[in-house]
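Below is one structure, written out as structure tokens, with a few remarks after it.
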Amino acid sequence: MAKATTIKEALAKWEEKNGQKASEAKEVKLYGQIPPVERMDESLSTLVNCEKLSLSTNCIERIANLNSLKNLRILSLGRNNIKNLNGLEAVADTLEELWISYNFIEKLRGIRVMKKLKVLYMSNNLVKDWGNPLQEKYASDQKNNWIEEATKRVPKLKKLDGILVIKEEEDEEGAN
């Protein structure tokens, strides 16, 4: 089997294809590398201006090396081999969208530190901590009660698995 593509190699390919330095780019797409990326290595630290990073459809097992991405708003990690959300705390102050469907995530421990998270795509994971079990638990009571439970845990959430989350006016305005 071929050796995995490193982030450094993927960035070099991206720069050649886009005619731009990755360190200056606001959007960097490293999805579907052949051979796939297996590690989010220290080369990610060069993406200081990056607002949108796509690493989907690779073989990444853990989230790492996001500390220098101080402007990151959208992170796409769908279709990888990620088992937990450790490492996201590095972008907790800026991340607004997390696309992490089709992984092996069992628990969403750490999601509450995501202060600006508005969009979360996390379908087709193994979540037992909260998520689908919430849907099962609350679905029999009222139709979208599980969404209400999820938004209690992530207050700024605007979308959950593609469903627009609509909150009461008083919740949005802080009960004037």
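Labels for the structure tokens follow display order: chains A, B, ..., residues from 1 in each chain, ligands from 1.
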
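Residues in contact with A:Ile111 at 8 Å, where only C-alpha atoms are counted and same-chain residues fewer than 2 positions away are skipped, are listed as A:Leu85, A:Leu108, A:Arg109, A:Val113, A:Met114, A:Val154.
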
Run DSSP on the backbone and grab whatever in stretch 13-63 of chain A lands in strand (DSSP E or B); send it over as a PyMOL selection string. chain A and resi 27-29+37+52-54

Using only C-alpha atoms, please write the residues we just selected to a file, as a PDB file, in the first residue's frame.
```
ATOM      1  CA  GLU A  27      -9.935  28.615   2.045  1.00  0.00           C
ATOM      2  CA  VAL A  28      -7.854  25.450   1.729  1.00  0.00           C
ATOM      3  CA  LYS A  29      -9.264  22.211   0.315  1.00  0.00           C
ATOM      4  CA  VAL A  37      -3.892  11.963   4.619  1.00  0.00           C
ATOM      5  CA  LYS A  52     -12.341  27.341   5.826  1.00  0.00           C
ATOM      6  CA  LEU A  53     -10.390  24.068   5.906  1.00  0.00           C
ATOM      7  CA  SER A  54     -11.538  20.873   4.244  1.00  0.00           C
TER       8      SER A  54
END
```

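Proximity ranking of A:Gln20, A:Ser56, A:Thr6, A:Thr151 relative to A:Asp41 places A:Thr6 first, based on only C-alpha atoms.
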
Can you measure atom CA of A:Asn124 to atom CA of A:Leu160 for me? One decimal in Å is fine. 12.9 Å

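The shortest atom-to-atom distance to A:Ala64, with only C-alpha atoms taken into account, belongs to A:Leu44 out of A:Ile163, A:Val127, A:Leu44, A:Cys50.
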
Need to verify the contact set: stretch 73-77 of chain A, 8 Å, only C-alpha atoms, exclusion of same-chain residues closer than 6 positions in sequence. Can you return it as a PyMOL selection string? chain A and resi 51-57+94-101

List the spatial neighbours of stretch 32-34 of chain A as a list in words - criterion: any atom at most 10 Å away, only C-alpha atoms, same-chain residues fewer than 5 positions off excluded. Ala2, Lys3, Ala4, Thr5, Thr6, Ile7, Glu9, Ala10, Lys13, Ser54, Leu55, Ser56, Thr57, Asn58, Cys59, Arg79 and Asn80 of chain A

Selection export as a compact mmCIF listing (two decimals), in the first residue's frame, atoms kept: all heavy atoms:
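Everything below was put into selection11.txt:
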```
# COMPACT_ATOMS: atom_id res chain seq x y z
N ALA A 2 0.44 2.27 -0.68
CA ALA A 2 1.20 3.51 -0.80
C ALA A 2 1.30 4.23 0.53
O ALA A 2 0.41 4.13 1.38
CB ALA A 2 0.54 4.42 -1.83
N LYS A 3 2.40 4.93 0.70
CA LYS A 3 2.61 5.73 1.91
C LYS A 3 1.59 6.88 1.94
O LYS A 3 1.27 7.46 0.91
CB LYS A 3 4.04 6.27 1.88
CG LYS A 3 4.50 6.91 3.16
CD LYS A 3 5.90 7.46 3.00
CE LYS A 3 5.74 8.94 3.05
NZ LYS A 3 6.72 9.82 2.63
N ALA A 4 1.10 7.20 3.12
CA ALA A 4 0.10 8.27 3.27
C ALA A 4 0.65 9.61 2.80
O ALA A 4 1.85 9.87 2.86
CB ALA A 4 -0.31 8.38 4.74
N THR A 5 -0.23 10.46 2.32
CA THR A 5 0.12 11.83 1.95
C THR A 5 0.24 12.64 3.24
O THR A 5 -0.62 12.55 4.11
CB THR A 5 -0.97 12.45 1.06
OG1 THR A 5 -1.11 11.66 -0.12
CG2 THR A 5 -0.62 13.88 0.67
N THR A 6 1.31 13.41 3.37
CA THR A 6 1.45 14.28 4.54
C THR A 6 0.73 15.59 4.25
O THR A 6 0.45 15.92 3.09
CB THR A 6 2.93 14.59 4.85
OG1 THR A 6 3.47 15.35 3.76
CG2 THR A 6 3.74 13.33 5.07
N ILE A 7 0.43 16.33 5.29
CA ILE A 7 -0.20 17.66 5.11
C ILE A 7 0.74 18.55 4.29
O ILE A 7 0.29 19.28 3.40
CB ILE A 7 -0.53 18.31 6.48
CG1 ILE A 7 -1.61 17.51 7.22
CG2 ILE A 7 -0.95 19.76 6.30
CD1 ILE A 7 -3.01 17.57 6.66
N GLU A 9 2.85 17.68 1.97
CA GLU A 9 2.74 17.30 0.55
C GLU A 9 1.41 17.76 -0.04
O GLU A 9 1.36 18.27 -1.17
CB GLU A 9 2.85 15.77 0.41
CG GLU A 9 4.23 15.22 0.75
CD GLU A 9 4.24 13.71 0.96
OE1 GLU A 9 3.18 13.11 1.18
OE2 GLU A 9 5.36 13.14 0.90
N ALA A 10 0.33 17.61 0.72
CA ALA A 10 -0.98 18.03 0.25
C ALA A 10 -1.02 19.54 0.02
O ALA A 10 -1.61 20.01 -0.96
CB ALA A 10 -2.06 17.61 1.24
N LYS A 13 0.81 20.39 -3.20
CA LYS A 13 -0.06 20.10 -4.36
C LYS A 13 -1.12 21.19 -4.51
O LYS A 13 -1.41 21.63 -5.61
CB LYS A 13 -0.78 18.75 -4.16
CG LYS A 13 0.02 17.54 -4.51
CD LYS A 13 -0.92 16.33 -4.59
CE LYS A 13 -0.50 15.24 -3.65
NZ LYS A 13 -1.43 14.10 -3.61
N SER A 54 -10.89 22.15 4.55
CA SER A 54 -11.54 20.87 4.24
C SER A 54 -10.50 19.76 4.18
O SER A 54 -9.56 19.81 3.38
CB SER A 54 -12.28 20.95 2.91
OG SER A 54 -12.84 19.69 2.63
N LEU A 55 -10.69 18.79 5.05
CA LEU A 55 -9.84 17.59 5.09
C LEU A 55 -10.69 16.33 4.97
O LEU A 55 -10.30 15.26 5.41
CB LEU A 55 -9.03 17.56 6.39
CG LEU A 55 -7.85 18.53 6.47
CD1 LEU A 55 -7.42 18.76 7.90
CD2 LEU A 55 -6.69 18.01 5.64
N SER A 56 -11.86 16.47 4.39
CA SER A 56 -12.79 15.35 4.26
C SER A 56 -12.25 14.27 3.35
O SER A 56 -11.36 14.52 2.52
CB SER A 56 -14.13 15.84 3.70
OG SER A 56 -14.72 16.72 4.59
N THR A 57 -12.81 13.08 3.50
CA THR A 57 -12.50 11.93 2.66
C THR A 57 -11.00 11.63 2.65
O THR A 57 -10.36 11.60 1.61
CB THR A 57 -13.05 12.12 1.22
OG1 THR A 57 -14.38 12.65 1.31
CG2 THR A 57 -13.11 10.80 0.47
N ASN A 58 -10.47 11.44 3.84
CA ASN A 58 -9.10 10.99 4.04
C ASN A 58 -9.15 9.85 5.05
O ASN A 58 -10.19 9.22 5.20
CB ASN A 58 -8.22 12.16 4.51
CG ASN A 58 -7.80 13.07 3.36
OD1 ASN A 58 -7.05 12.68 2.49
ND2 ASN A 58 -8.32 14.29 3.35
N CYS A 59 -8.06 9.60 5.75
CA CYS A 59 -8.02 8.54 6.77
C CYS A 59 -7.52 9.08 8.10
O CYS A 59 -6.79 8.41 8.83
CB CYS A 59 -7.16 7.38 6.29
SG CYS A 59 -7.87 6.47 4.91
N ARG A 79 -16.10 11.90 6.60
CA ARG A 79 -15.54 10.72 5.93
C ARG A 79 -14.06 10.50 6.24
O ARG A 79 -13.22 10.47 5.35
CB ARG A 79 -15.79 10.77 4.43
CG ARG A 79 -17.27 10.77 4.11
CD ARG A 79 -17.55 10.65 2.63
NE ARG A 79 -18.96 10.78 2.34
CZ ARG A 79 -19.85 9.79 2.39
NH1 ARG A 79 -19.47 8.59 2.74
NH2 ARG A 79 -21.12 10.01 2.12
N ASN A 80 -13.77 10.41 7.53
CA ASN A 80 -12.44 10.07 8.00
C ASN A 80 -12.58 8.92 9.00
O ASN A 80 -13.58 8.21 8.97
CB ASN A 80 -11.77 11.30 8.65
CG ASN A 80 -11.09 12.19 7.62
OD1 ASN A 80 -10.08 11.82 7.05
ND2 ASN A 80 -11.66 13.35 7.37
```

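Distance annotation: of A:Ala90, A:Ile82, A:Ile63, A:Ala22, the residue with the minimal separation from A:Met122 is A:Ile82; atom set is only C-alpha atoms.
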